>>> print(open('start_25.csv').read())   # CSV, N, CA and C atoms
chain,number,residue,atom,x,y,z
A,46,ASP,N,0.8,-1.2,0.0
A,46,ASP,CA,0.0,0.0,0.0
A,46,ASP,C,0.9,1.2,0.0
A,47,ILE,N,0.4,2.3,-0.6
A,47,ILE,CA,1.1,3.6,-0.7
A,47,ILE,C,0.1,4.6,-0.2
A,48,SER,N,0.5,5.6,0.6
A,48,SER,CA,-0.3,6.7,1.0
A,48,SER,C,0.4,8.0,0.5
A,49,ASN,N,-0.4,9.0,0.3
A,49,ASN,CA,0.1,10.3,-0.1
A,49,ASN,C,-0.6,11.4,0.6
A,50,ASP,N,0.2,12.5,0.7
A,50,ASP,CA,-0.4,13.7,1.4
A,50,ASP,C,-0.7,14.8,0.3
A,51,CYS,N,-0.9,14.4,-0.9
A,51,CYS,CA,-1.2,15.3,-2.0
A,51,CYS,C,-2.7,15.5,-2.2
A,52,GLY,N,-3.4,14.6,-1.5
A,52,GLY,CA,-4.9,14.6,-1.7
A,52,GLY,C,-5.3,13.9,-2.9
A,53,LEU,N,-4.4,13.1,-3.5
A,53,LEU,CA,-4.7,12.3,-4.7
A,53,LEU,C,-5.4,11.0,-4.4
A,54,ASP,N,-6.5,10.8,-5.0
A,54,ASP,CA,-7.2,9.5,-4.9
A,54,ASP,C,-6.8,8.6,-6.1
A,55,ALA,N,-7.3,7.4,-6.1
A,55,ALA,CA,-6.9,6.4,-7.1
A,55,ALA,C,-7.2,6.9,-8.5
A,56,ALA,N,-8.3,7.5,-8.7
A,56,ALA,CA,-8.7,8.0,-10.1
A,56,ALA,C,-7.8,9.1,-10.6
A,57,ALA,N,-7.4,10.0,-9.7
A,57,ALA,CA,-6.5,11.1,-10.1
A,57,ALA,C,-5.1,10.5,-10.5
A,58,ILE,N,-4.6,9.5,-9.8
A,58,ILE,CA,-3.3,8.9,-10.1
A,58,ILE,C,-3.4,8.1,-11.4
A,59,MET,N,-4.5,7.3,-11.6
A,59,MET,CA,-4.7,6.5,-12.8
A,59,MET,C,-4.8,7.5,-14.0
A,60,ASP,N,-5.5,8.6,-13.9
A,60,ASP,CA,-5.8,9.5,-15.0
A,60,ASP,C,-4.6,10.5,-15.2
A,61,GLU,N,-3.6,10.4,-14.2
A,61,GLU,CA,-2.5,11.4,-14.2
A,61,GLU,C,-3.0,12.8,-14.3
A,62,ASN,N,-4.0,13.1,-13.6
A,62,ASN,CA,-4.7,14.4,-13.6
A,62,ASN,C,-3.9,15.3,-12.7
A,63,GLU,N,-3.1,16.2,-13.3
A,63,GLU,CA,-2.3,17.2,-12.6
A,63,GLU,C,-1.3,16.6,-11.6
A,64,ASN,N,-0.8,15.4,-11.9
A,64,ASN,CA,0.2,14.8,-11.1
A,64,ASN,C,1.0,13.8,-11.9
A,65,THR,N,2.2,13.5,-11.4
A,65,THR,CA,3.1,12.6,-12.1
A,65,THR,C,3.4,11.4,-11.2
A,66,VAL,N,2.6,11.0,-10.3
A,66,VAL,CA,2.8,9.9,-9.4
A,66,VAL,C,2.9,8.6,-10.2
A,67,MET,N,2.1,8.4,-11.2
A,67,MET,CA,2.1,7.2,-12.0
A,67,MET,C,3.5,7.0,-12.6
A,68,GLN,N,4.1,8.0,-13.1
A,68,GLN,CA,5.4,7.9,-13.7
A,68,GLN,C,6.4,7.5,-12.7
A,69,GLY,N,6.3,8.0,-11.5
A,69,GLY,CA,7.2,7.6,-10.4
A,69,GLY,C,7.1,6.2,-10.0
A,70,LEU,N,5.8,5.7,-9.9
A,70,LEU,CA,5.6,4.3,-9.5
A,70,LEU,C,6.1,3.3,-10.6
A,71,ILE,N,5.9,3.7,-11.9
A,71,ILE,CA,6.4,2.8,-13.0
A,71,ILE,C,7.9,2.8,-12.9
A,72,ALA,N,8.6,3.9,-12.8
A,72,ALA,CA,10.0,4.0,-12.7
A,72,ALA,C,10.6,3.2,-11.5
A,73,ALA,N,9.9,3.3,-10.4
A,73,ALA,CA,10.4,2.5,-9.2
A,73,ALA,C,10.2,1.0,-9.4
A,74,ALA,N,9.1,0.6,-10.0
A,74,ALA,CA,8.8,-0.8,-10.2
A,74,ALA,C,9.9,-1.4,-11.2
A,75,GLU,N,10.2,-0.6,-12.2
A,75,GLU,CA,11.2,-1.0,-13.2
A,75,GLU,C,12.6,-1.2,-12.5
A,76,THR,N,13.0,-0.2,-11.7
A,76,THR,CA,14.3,-0.2,-11.0
A,76,THR,C,14.3,-1.4,-10.0
A,77,THR,N,13.3,-1.5,-9.2
A,77,THR,CA,13.3,-2.6,-8.2
A,77,THR,C,13.3,-3.9,-8.8
A,78,ALA,N,12.5,-4.2,-9.9
A,78,ALA,CA,12.5,-5.5,-10.5
A,78,ALA,C,13.8,-5.8,-11.2
A,79,THR,N,14.4,-4.8,-11.8
A,79,THR,CA,15.8,-5.0,-12.4
A,79,THR,C,16.8,-5.4,-11.3
A,80,GLN,N,16.7,-4.7,-10.2
A,80,GLN,CA,17.7,-5.1,-9.1
A,80,GLN,C,17.4,-6.5,-8.6
A,81,ILE,N,16.2,-6.9,-8.5
A,81,ILE,CA,15.9,-8.2,-8.0
A,81,ILE,C,16.4,-9.3,-9.0
A,82,LEU,N,16.1,-9.0,-10.3
A,82,LEU,CA,16.6,-10.0,-11.4
A,82,LEU,C,18.1,-10.0,-11.5
A,83,ASP,N,18.7,-8.9,-11.4
A,83,ASP,CA,20.2,-8.8,-11.5
A,83,ASP,C,20.9,-9.6,-10.3
A,84,ALA,N,20.2,-9.5,-9.1
A,84,ALA,CA,20.8,-10.2,-8.0
A,84,ALA,C,20.7,-11.7,-8.0
A,85,SER,N,19.6,-12.2,-8.6
A,85,SER,CA,19.4,-13.7,-8.6
A,85,SER,C,19.3,-14.4,-9.9
A,86,PHE,N,19.1,-13.6,-11.0
A,86,PHE,CA,18.8,-14.3,-12.2
A,86,PHE,C,19.5,-13.6,-13.4
A,87,SER,N,20.7,-13.0,-13.1
A,87,SER,CA,21.5,-12.4,-14.2
A,87,SER,C,21.8,-13.3,-15.3
A,88,GLY,N,21.5,-12.9,-16.5
A,88,GLY,CA,21.7,-13.8,-17.7
A,88,GLY,C,20.6,-14.7,-18.0
A,89,VAL,N,19.7,-14.8,-17.1
A,89,VAL,CA,18.5,-15.8,-17.2
A,89,VAL,C,17.2,-15.0,-17.5
A,90,ALA,N,17.1,-13.9,-16.8
A,90,ALA,CA,15.8,-13.1,-16.9
A,90,ALA,C,16.1,-11.6,-16.8
A,91,HIS,N,15.4,-10.8,-17.6
A,91,HIS,CA,15.6,-9.4,-17.5
A,91,HIS,C,14.3,-8.7,-18.0
A,92,LEU,N,14.2,-7.4,-17.7
A,92,LEU,CA,13.1,-6.6,-18.2
A,92,LEU,C,13.5,-6.1,-19.6
A,93,ASN,N,12.5,-5.9,-20.5
A,93,ASN,CA,12.6,-5.2,-21.8
A,93,ASN,C,11.6,-4.2,-21.8
A,94,THR,N,11.8,-3.1,-21.2
A,94,THR,CA,10.8,-2.1,-21.0
A,94,THR,C,10.4,-1.3,-22.3
A,95,ASP,N,11.3,-1.4,-23.3
A,95,ASP,CA,11.0,-0.7,-24.5
A,95,ASP,C,9.8,-1.4,-25.3
A,96,GLU,N,9.9,-2.8,-25.3
A,96,GLU,CA,8.9,-3.6,-26.0
A,96,GLU,C,7.8,-4.0,-25.0
A,97,HIS,N,8.1,-4.2,-23.8
A,97,HIS,CA,7.1,-4.7,-22.8
A,97,HIS,C,7.2,-3.9,-21.5
A,98,PRO,N,6.7,-2.8,-21.5
A,98,PRO,CA,6.8,-1.9,-20.3
A,98,PRO,C,6.1,-2.4,-19.1
A,99,VAL,N,6.6,-2.0,-17.9
A,99,VAL,CA,5.8,-2.2,-16.7
A,99,VAL,C,4.6,-1.4,-16.8
A,100,VAL,N,3.5,-2.0,-16.3
A,100,VAL,CA,2.2,-1.3,-16.4
A,100,VAL,C,1.5,-1.3,-15.0
A,101,ILE,N,1.0,-0.1,-14.6
A,101,ILE,CA,0.2,0.0,-13.4
A,101,ILE,C,-1.2,-0.3,-13.9
A,102,ASP,N,-1.7,-1.5,-13.5
A,102,ASP,CA,-3.0,-1.9,-14.0
A,102,ASP,C,-4.1,-1.2,-13.3
A,103,ARG,N,-4.0,-1.1,-12.0
A,103,ARG,CA,-5.1,-0.4,-11.2
A,103,ARG,C,-4.5,0.2,-10.0
A,104,VAL,N,-5.1,1.3,-9.6
A,104,VAL,CA,-4.9,1.9,-8.3
A,104,VAL,C,-6.2,2.0,-7.6
A,105,LEU,N,-6.3,1.4,-6.4
A,105,LEU,CA,-7.5,1.4,-5.6
A,105,LEU,C,-7.4,2.2,-4.4
A,106,ASP,N,-8.5,2.9,-4.0
A,106,ASP,CA,-8.5,3.7,-2.8
A,106,ASP,C,-8.7,2.7,-1.6
A,107,MET,N,-7.9,2.9,-0.6
A,107,MET,CA,-8.0,2.0,0.6
A,107,MET,C,-8.1,2.8,1.9
A,108,PRO,N,-9.4,3.3,2.1
A,108,PRO,CA,-9.6,4.2,3.2
A,108,PRO,C,-9.5,3.6,4.6
A,109,ALA,N,-9.6,2.3,4.7
A,109,ALA,CA,-9.6,1.7,6.1
A,109,ALA,C,-8.2,1.8,6.7
A,110,ASN,N,-8.1,2.2,7.9
A,110,ASN,CA,-6.8,2.4,8.7
A,110,ASN,C,-5.9,3.4,8.1
A,111,CYS,N,-6.4,4.3,7.4
A,111,CYS,CA,-5.6,5.4,6.7
A,111,CYS,C,-5.5,6.6,7.7
A,112,ALA,N,-4.2,7.0,7.9
A,112,ALA,CA,-4.0,8.1,8.8
A,112,ALA,C,-4.7,9.4,8.3
A,113,GLU,N,-5.1,10.2,9.3
A,113,GLU,CA,-5.8,11.5,9.0
A,113,GLU,C,-4.9,12.3,8.1
A,114,GLY,N,-5.5,12.9,7.0
A,114,GLY,CA,-4.8,13.8,6.1
A,114,GLY,C,-4.1,13.1,5.0
A,115,MET,N,-4.2,11.7,5.0
A,115,MET,CA,-3.5,10.9,4.0
A,115,MET,C,-4.5,10.2,3.1
A,116,THR,N,-4.1,9.9,1.9
A,116,THR,CA,-5.0,9.1,1.0
A,116,THR,C,-4.2,7.8,0.8
A,117,CYS,N,-4.8,6.7,1.2
A,117,CYS,CA,-4.1,5.4,1.1
A,117,CYS,C,-4.6,4.7,-0.1
A,118,LEU,N,-3.7,4.0,-0.8
A,118,LEU,CA,-3.9,3.4,-2.1
A,118,LEU,C,-3.3,2.0,-2.2
A,119,LEU,N,-3.9,1.1,-3.0
A,119,LEU,CA,-3.3,-0.2,-3.3
A,119,LEU,C,-3.0,-0.1,-4.8
A,120,VAL,N,-1.7,-0.4,-5.1
A,120,VAL,CA,-1.2,-0.3,-6.5
A,120,VAL,C,-1.0,-1.7,-7.0
A,121,ILE,N,-1.7,-2.0,-8.2
A,121,ILE,CA,-1.6,-3.4,-8.8
A,121,ILE,C,-0.9,-3.2,-10.1
A,122,SER,N,0.2,-3.9,-10.3
A,122,SER,CA,1.0,-3.7,-11.5
A,122,SER,C,1.3,-5.0,-12.2
A,123,THR,N,1.7,-4.9,-13.5
A,123,THR,CA,2.2,-6.1,-14.3
A,123,THR,C,3.7,-5.8,-14.6
A,124,ILE,N,4.5,-6.7,-14.3
A,124,ILE,CA,6.0,-6.5,-14.6
A,124,ILE,C,6.4,-7.7,-15.5
A,125,PRO,N,6.4,-7.4,-16.9
A,125,PRO,CA,6.8,-8.4,-17.8
A,125,PRO,C,8.3,-8.8,-17.7
A,126,VAL,N,8.6,-10.0,-17.6
A,126,VAL,CA,10.0,-10.5,-17.5
A,126,VAL,C,10.3,-11.3,-18.7
A,127,MET,N,11.4,-11.1,-19.3
A,127,MET,CA,11.9,-11.8,-20.5
A,127,MET,C,12.8,-12.9,-20.0
A,128,MET,N,12.6,-14.2,-20.4
A,128,MET,CA,13.4,-15.3,-20.0
A,128,MET,C,14.3,-15.6,-21.2
A,129,GLU,N,15.6,-15.9,-20.9
A,129,GLU,CA,16.6,-16.2,-21.9
A,129,GLU,C,16.6,-17.7,-22.3
A,130,GLY,N,16.8,-18.0,-23.5
A,130,GLY,CA,17.0,-19.4,-24.0
A,130,GLY,C,15.9,-20.4,-23.5
A,131,ASP,N,16.4,-21.5,-22.9
A,131,ASP,CA,15.5,-22.5,-22.4
A,131,ASP,C,15.4,-22.4,-20.9
A,132,SER,N,15.4,-21.2,-20.4
A,132,SER,CA,15.3,-20.9,-18.9
A,132,SER,C,13.8,-20.9,-18.4
A,133,GLY,N,12.9,-21.3,-19.3
A,133,GLY,CA,11.5,-21.2,-18.9
A,133,GLY,C,11.2,-22.1,-17.7
A,134,ASP,N,12.0,-23.1,-17.5
A,134,ASP,CA,11.8,-23.9,-16.3
A,134,ASP,C,12.0,-23.2,-15.0
A,135,GLN,N,12.6,-22.0,-15.1
A,135,GLN,CA,12.8,-21.2,-13.9
A,135,GLN,C,11.7,-20.1,-13.7
A,136,TYR,N,10.7,-20.2,-14.5
A,136,TYR,CA,9.6,-19.2,-14.5
A,136,TYR,C,9.1,-19.0,-13.1
A,137,GLN,N,8.7,-20.1,-12.4
A,137,GLN,CA,8.1,-20.0,-11.1
A,137,GLN,C,9.1,-19.3,-10.1
A,138,ALA,N,10.3,-19.7,-10.2
A,138,ALA,CA,11.3,-19.1,-9.2
A,138,ALA,C,11.5,-17.6,-9.5
A,139,VAL,N,11.5,-17.2,-10.8
A,139,VAL,CA,11.6,-15.8,-11.1
A,139,VAL,C,10.4,-15.0,-10.6
A,140,ARG,N,9.2,-15.6,-10.9
A,140,ARG,CA,7.9,-15.0,-10.5
A,140,ARG,C,7.9,-14.8,-9.0
A,141,LYS,N,8.3,-15.8,-8.2
A,141,LYS,CA,8.3,-15.8,-6.8
A,141,LYS,C,9.3,-14.7,-6.3
A,142,ALA,N,10.5,-14.7,-6.9
A,142,ALA,CA,11.5,-13.7,-6.5
A,142,ALA,C,11.0,-12.3,-6.7
A,143,ILE,N,10.3,-12.0,-7.9
A,143,ILE,CA,9.8,-10.7,-8.1
A,143,ILE,C,8.8,-10.3,-7.1
A,144,MET,N,7.8,-11.2,-6.8
A,144,MET,CA,6.8,-10.9,-5.9
A,144,MET,C,7.3,-10.7,-4.5
A,145,ASN,N,8.2,-11.6,-4.0
A,145,ASN,CA,8.8,-11.4,-2.7
A,145,ASN,C,9.7,-10.2,-2.6
A,146,GLY,N,10.5,-10.0,-3.6
A,146,GLY,CA,11.3,-8.8,-3.7
A,146,GLY,C,10.6,-7.5,-3.6
A,147,MET,N,9.5,-7.4,-4.3
A,147,MET,CA,8.7,-6.2,-4.3
A,147,MET,C,8.1,-6.0,-2.9
A,148,GLN,N,7.6,-7.1,-2.3
A,148,GLN,CA,7.0,-6.9,-1.0
A,148,GLN,C,8.1,-6.5,0.0
A,149,THR,N,9.2,-7.1,-0.1
A,149,THR,CA,10.3,-6.7,0.8
A,149,THR,C,10.7,-5.2,0.6
A,150,SER,N,10.7,-4.8,-0.7
A,150,SER,CA,11.1,-3.4,-1.0
A,150,SER,C,10.1,-2.4,-0.4
A,151,PHE,N,8.9,-2.8,-0.3
A,151,PHE,CA,7.9,-2.0,0.3
A,151,PHE,C,8.1,-1.9,1.8
A,152,LYS,N,8.4,-3.1,2.4
A,152,LYS,CA,8.6,-3.2,3.9
A,152,LYS,C,9.8,-2.4,4.3
A,153,ASP,N,10.9,-2.5,3.6
A,153,ASP,CA,12.1,-1.9,4.0
A,153,ASP,C,12.3,-0.5,3.5
A,154,GLY,N,11.4,0.0,2.7
A,154,GLY,CA,11.4,1.4,2.1
A,154,GLY,C,12.3,1.6,0.9
A,155,SER,N,12.9,0.5,0.4
A,155,SER,CA,13.8,0.7,-0.7
A,155,SER,C,13.0,1.0,-2.0
A,156,PHE,N,11.8,0.5,-2.1
A,156,PHE,CA,10.9,0.9,-3.3
A,156,PHE,C,10.8,2.4,-3.3
A,157,LEU,N,10.4,3.0,-2.2
A,157,LEU,CA,10.2,4.4,-2.2
A,157,LEU,C,11.5,5.2,-2.6
A,158,ASN,N,12.6,4.7,-2.2
A,158,ASN,CA,13.9,5.3,-2.5
A,158,ASN,C,14.2,5.3,-3.9
A,159,THR,N,13.6,4.4,-4.7
A,159,THR,CA,13.9,4.3,-6.2
A,159,THR,C,13.0,5.2,-7.0
A,160,ILE,N,12.0,5.8,-6.4
A,160,ILE,CA,11.1,6.7,-7.1
A,160,ILE,C,11.9,8.0,-7.4
A,161,PRO,N,12.1,8.3,-8.7
A,161,PRO,CA,12.8,9.5,-9.1
A,161,PRO,C,12.1,10.7,-8.5
A,162,GLU,N,12.9,11.5,-7.8
A,162,GLU,CA,12.3,12.7,-7.1
A,162,GLU,C,11.5,13.6,-8.0
A,163,ASP,N,11.9,13.8,-9.2
A,163,ASP,CA,11.2,14.7,-10.1
A,163,ASP,C,9.9,14.1,-10.7
A,164,THR,N,9.6,12.9,-10.4
A,164,THR,CA,8.4,12.3,-11.0
A,164,THR,C,7.2,12.3,-10.0
A,165,VAL,N,7.3,12.7,-8.8
A,165,VAL,CA,6.2,12.8,-7.9
A,165,VAL,C,5.9,14.3,-7.7
A,166,VAL,N,5.1,14.8,-8.6
A,166,VAL,CA,4.7,16.2,-8.5
A,166,VAL,C,3.2,16.3,-8.2
A,167,CYS,N,2.9,16.9,-7.2
A,167,CYS,CA,1.5,17.0,-6.8
A,167,CYS,C,0.8,18.2,-7.3
A,168,PRO,N,-0.5,18.3,-7.4
A,168,PRO,CA,-1.2,19.5,-7.9
A,168,PRO,C,-0.8,20.7,-7.1
A,169,GLY,N,-0.4,21.8,-7.8
A,169,GLY,CA,-0.1,23.0,-7.2
A,169,GLY,C,1.3,23.1,-6.7
A,170,THR,N,2.2,22.1,-7.0
A,170,THR,CA,3.6,22.2,-6.6
A,170,THR,C,4.4,22.3,-7.9
A,171,VAL,N,5.5,23.0,-7.8
A,171,VAL,CA,6.4,23.2,-8.9
A,171,VAL,C,7.5,22.1,-8.8
A,172,THR,N,8.1,22.0,-7.6
A,172,THR,CA,9.0,20.9,-7.4
A,172,THR,C,8.5,20.1,-6.2
A,173,SER,N,9.0,18.9,-6.0
A,173,SER,CA,8.6,18.1,-4.9
A,173,SER,C,9.6,17.2,-4.4
A,174,SER,N,9.5,16.7,-3.2
A,174,SER,CA,10.3,15.7,-2.7
A,174,SER,C,9.5,14.4,-2.5
A,175,THR,N,9.9,13.4,-3.1
A,175,THR,CA,9.2,12.1,-3.0
A,175,THR,C,8.9,11.8,-1.6
A,176,MET,N,9.9,11.8,-0.7
A,176,MET,CA,9.7,11.4,0.7
A,176,MET,C,8.6,12.2,1.4
A,177,SER,N,8.4,13.5,1.0
A,177,SER,CA,7.4,14.3,1.7
A,177,SER,C,6.0,14.1,1.2
A,178,HIS,N,5.8,13.4,0.1
A,178,HIS,CA,4.5,13.2,-0.5
A,178,HIS,C,4.0,11.7,-0.4
A,179,LEU,N,4.9,10.8,-0.5
A,179,LEU,CA,4.5,9.4,-0.5
A,179,LEU,C,5.0,8.6,0.7
A,180,THR,N,4.2,7.7,1.2
A,180,THR,CA,4.6,6.9,2.3
A,180,THR,C,4.2,5.4,2.0
A,181,LEU,N,5.0,4.5,2.3
A,181,LEU,CA,4.7,3.1,2.1
A,181,LEU,C,4.0,2.5,3.4
A,182,ASN,N,3.0,1.8,3.2
A,182,ASN,CA,2.3,1.2,4.4
A,182,ASN,C,2.5,-0.3,4.4
>>> encode(input="start_25.csv", output="structure tokens")
Amino acid sequence: DISNDCGLDAAAIMDENENTVMQGLIAAAETTATQILDASFSGVAHLNTDEHPVVIDRVLDMPANCAEGMTCLLVISTIPVMMEGDSGDQYQAVRKAIMNGMQTSFKDGSFLNTIPEDTVVCPGTVTSSTMSHLTLN
């Protein structure tokens, strides 16, 4: 889960209405997935974001247990991974590594740290700091 203090709900982020949060989430997902694959599956699996980009499929409002003044969201994404040669037998291991690695990156804050600072611009701001607008839950 991600929360923000920009006042942005799921629809505003999905529509990219006066904000660039979606761009930041995609960039962070690409960076984090690449780090996960490079650490465990170098030469076996990789991202090809030019032909098969990471996609944020849905962003859902999650109002339960959300701190006052924050908008809490659930982000659902697709991360296409290219498997090399006959490495298809490692599909499940790669899938599990991506899922676990993404969850770990949310828990330890490393996902947030990979969001490019200039991609999280909230309505009415000229510049922004990622850390001041987004929080991982």
>>> atom_distance(input="start_25.csv", atom1="atom C of A:Asp60", atom2="atom C of A:Thr94")
20.4 Å
>>> select_by_dssp(input="start_25.csv", residues="stretch 47-182 of chain A", states="strand (DSSP E or B)", output="PDB file with N, CA and C atoms, keeping the file's coordinate frame")
ATOM      1  N   ILE A  47       0.400   2.300  -0.600  1.00  0.00           N
ATOM      2  CA  ILE A  47       1.100   3.600  -0.700  1.00  0.00           C
ATOM      3  C   ILE A  47       0.100   4.600  -0.200  1.00  0.00           C
ATOM      4  N   SER A  48       0.500   5.600   0.600  1.00  0.00           N
ATOM      5  CA  SER A  48      -0.300   6.700   1.000  1.00  0.00           C
ATOM      6  C   SER A  48       0.400   8.000   0.500  1.00  0.00           C
ATOM      7  N   ASN A  49      -0.400   9.000   0.300  1.00  0.00           N
ATOM      8  CA  ASN A  49       0.100  10.300  -0.100  1.00  0.00           C
ATOM      9  C   ASN A  49      -0.600  11.400   0.600  1.00  0.00           C
ATOM     10  N   ALA A  90      17.100 -13.900 -16.800  1.00  0.00           N
ATOM     11  CA  ALA A  90      15.800 -13.100 -16.900  1.00  0.00           C
ATOM     12  C   ALA A  90      16.100 -11.600 -16.800  1.00  0.00           C
ATOM     13  N   HIS A  91      15.400 -10.800 -17.600  1.00  0.00           N
ATOM     14  CA  HIS A  91      15.600  -9.400 -17.500  1.00  0.00           C
ATOM     15  C   HIS A  91      14.300  -8.700 -18.000  1.00  0.00           C
ATOM     16  N   VAL A 100       3.500  -2.000 -16.300  1.00  0.00           N
ATOM     17  CA  VAL A 100       2.200  -1.300 -16.400  1.00  0.00           C
ATOM     18  C   VAL A 100       1.500  -1.300 -15.000  1.00  0.00           C
ATOM     19  N   ILE A 101       1.000  -0.100 -14.600  1.00  0.00           N
ATOM     20  CA  ILE A 101       0.200   0.000 -13.400  1.00  0.00           C
ATOM     21  C   ILE A 101      -1.200  -0.300 -13.900  1.00  0.00           C
ATOM     22  N   ASP A 102      -1.700  -1.500 -13.500  1.00  0.00           N
ATOM     23  CA  ASP A 102      -3.000  -1.900 -14.000  1.00  0.00           C
ATOM     24  C   ASP A 102      -4.100  -1.200 -13.300  1.00  0.00           C
ATOM     25  N   ARG A 103      -4.000  -1.100 -12.000  1.00  0.00           N
ATOM     26  CA  ARG A 103      -5.100  -0.400 -11.200  1.00  0.00           C
ATOM     27  C   ARG A 103      -4.500   0.200 -10.000  1.00  0.00           C
ATOM     28  N   VAL A 104      -5.100   1.300  -9.600  1.00  0.00           N
ATOM     29  CA  VAL A 104      -4.900   1.900  -8.300  1.00  0.00           C
ATOM     30  C   VAL A 104      -6.200   2.000  -7.600  1.00  0.00           C
ATOM     31  N   LEU A 105      -6.300   1.400  -6.400  1.00  0.00           N
ATOM     32  CA  LEU A 105      -7.500   1.400  -5.600  1.00  0.00           C
ATOM     33  C   LEU A 105      -7.400   2.200  -4.400  1.00  0.00           C
ATOM     34  N   ASP A 106      -8.500   2.900  -4.000  1.00  0.00           N
ATOM     35  CA  ASP A 106      -8.500   3.700  -2.800  1.00  0.00           C
ATOM     36  C   ASP A 106      -8.700   2.700  -1.600  1.00  0.00           C
ATOM     37  N   THR A 116      -4.100   9.900   1.900  1.00  0.00           N
ATOM     38  CA  THR A 116      -5.000   9.100   1.000  1.00  0.00           C
ATOM     39  C   THR A 116      -4.200   7.800   0.800  1.00  0.00           C
ATOM     40  N   CYS A 117      -4.800   6.700   1.200  1.00  0.00           N
ATOM     41  CA  CYS A 117      -4.100   5.400   1.100  1.00  0.00           C
ATOM     42  C   CYS A 117      -4.600   4.700  -0.100  1.00  0.00           C
ATOM     43  N   LEU A 118      -3.700   4.000  -0.800  1.00  0.00           N
ATOM     44  CA  LEU A 118      -3.900   3.400  -2.100  1.00  0.00           C
ATOM     45  C   LEU A 118      -3.300   2.000  -2.200  1.00  0.00           C
ATOM     46  N   LEU A 119      -3.900   1.100  -3.000  1.00  0.00           N
ATOM     47  CA  LEU A 119      -3.300  -0.200  -3.300  1.00  0.00           C
ATOM     48  C   LEU A 119      -3.000  -0.100  -4.800  1.00  0.00           C
ATOM     49  N   VAL A 120      -1.700  -0.400  -5.100  1.00  0.00           N
ATOM     50  CA  VAL A 120      -1.200  -0.300  -6.500  1.00  0.00           C
ATOM     51  C   VAL A 120      -1.000  -1.700  -7.000  1.00  0.00           C
ATOM     52  N   ILE A 121      -1.700  -2.000  -8.200  1.00  0.00           N
ATOM     53  CA  ILE A 121      -1.600  -3.400  -8.800  1.00  0.00           C
ATOM     54  C   ILE A 121      -0.900  -3.200 -10.100  1.00  0.00           C
ATOM     55  N   SER A 122       0.200  -3.900 -10.300  1.00  0.00           N
ATOM     56  CA  SER A 122       1.000  -3.700 -11.500  1.00  0.00           C
ATOM     57  C   SER A 122       1.300  -5.000 -12.200  1.00  0.00           C
ATOM     58  N   THR A 123       1.700  -4.900 -13.500  1.00  0.00           N
ATOM     59  CA  THR A 123       2.200  -6.100 -14.300  1.00  0.00           C
ATOM     60  C   THR A 123       3.700  -5.800 -14.600  1.00  0.00           C
ATOM     61  N   MET A 127      11.400 -11.100 -19.300  1.00  0.00           N
ATOM     62  CA  MET A 127      11.900 -11.800 -20.500  1.00  0.00           C
ATOM     63  C   MET A 127      12.800 -12.900 -20.000  1.00  0.00           C
ATOM     64  N   MET A 128      12.600 -14.200 -20.400  1.00  0.00           N
ATOM     65  CA  MET A 128      13.400 -15.300 -20.000  1.00  0.00           C
ATOM     66  C   MET A 128      14.300 -15.600 -21.200  1.00  0.00           C
ATOM     67  N   LEU A 179       4.900  10.800  -0.500  1.00  0.00           N
ATOM     68  CA  LEU A 179       4.500   9.400  -0.500  1.00  0.00           C
ATOM     69  C   LEU A 179       5.000   8.600   0.700  1.00  0.00           C
ATOM     70  N   THR A 180       4.200   7.700   1.200  1.00  0.00           N
ATOM     71  CA  THR A 180       4.600   6.900   2.300  1.00  0.00           C
ATOM     72  C   THR A 180       4.200   5.400   2.000  1.00  0.00           C
ATOM     73  N   LEU A 181       5.000   4.500   2.300  1.00  0.00           N
ATOM     74  CA  LEU A 181       4.700   3.100   2.100  1.00  0.00           C
ATOM     75  C   LEU A 181       4.000   2.500   3.400  1.00  0.00           C
TER      76      LEU A 181
END
>>> atom_distance(input="start_25.csv", atom1="atom CA of A:Leu157", atom2="atom C of A:Ala73")
8.0 Å
>>> residues_near_point(input="start_25.csv", point="(14.5, -16.4, -13.1)", cutoff="9 Å", atoms="only C-alpha atoms", output="ChimeraX atom specification")
/A:82,85-91,126,128,132-143
>>> closest_atom_pairs(input="start_25.csv", of="stretch 88-166 of chain A", to="stretch 66-70 of chain A", cutoff="10 Å", atoms="only C-alpha atoms", output="Markdown table")
| residue | atom | partner | partner_atom | distance |
| --- | --- | --- | --- | --- |
| A:Val99 | CA | A:Leu70 | CA | 9.7 |
| A:Val100 | CA | A:Leu70 | CA | 9.5 |
| A:Ile101 | CA | A:Met67 | CA | 7.6 |
| A:Val104 | CA | A:Met67 | CA | 9.5 |
| A:Val120 | CA | A:Leu70 | CA | 8.7 |
| A:Ser122 | CA | A:Leu70 | CA | 9.4 |
| A:Phe156 | CA | A:Leu70 | CA | 8.8 |
| A:Leu157 | CA | A:Leu70 | CA | 8.6 |
| A:Thr159 | CA | A:Gly69 | CA | 8.6 |
| A:Ile160 | CA | A:Gly69 | CA | 5.2 |
| A:Pro161 | CA | A:Gly69 | CA | 6.1 |
| A:Glu162 | CA | A:Gly69 | CA | 7.9 |
| A:Asp163 | CA | A:Gly69 | CA | 8.2 |
| A:Thr164 | CA | A:Gly69 | CA | 4.9 |
| A:Val165 | CA | A:Val66 | CA | 4.7 |
| A:Val166 | CA | A:Val66 | CA | 6.6 |
>>> atom_distance(input="start_25.csv", atom1="atom CA of A:Glu63", atom2="atom C of A:Asp46")
20.6 Å
>>> select_by_dssp(input="start_25.csv", residues="chain A", states="helix (DSSP H, G or I)", output="PyMOL selection string")
chain A and resi 55-60+66-85+132-153+155-158+162-164+175-178
>>> closest_residue(input="start_25.csv", among="A:Ala55, A:Asp153, A:Leu92, A:Pro108", to="A:Glu75", atoms="only C-alpha atoms")
A:Leu92
>>> closest_residue(input="start_25.csv", among="A:Asn93, A:Ser155, A:Asn49, A:Thr76", to="A:Leu118", atoms="all atoms listed in the file")
A:Asn49
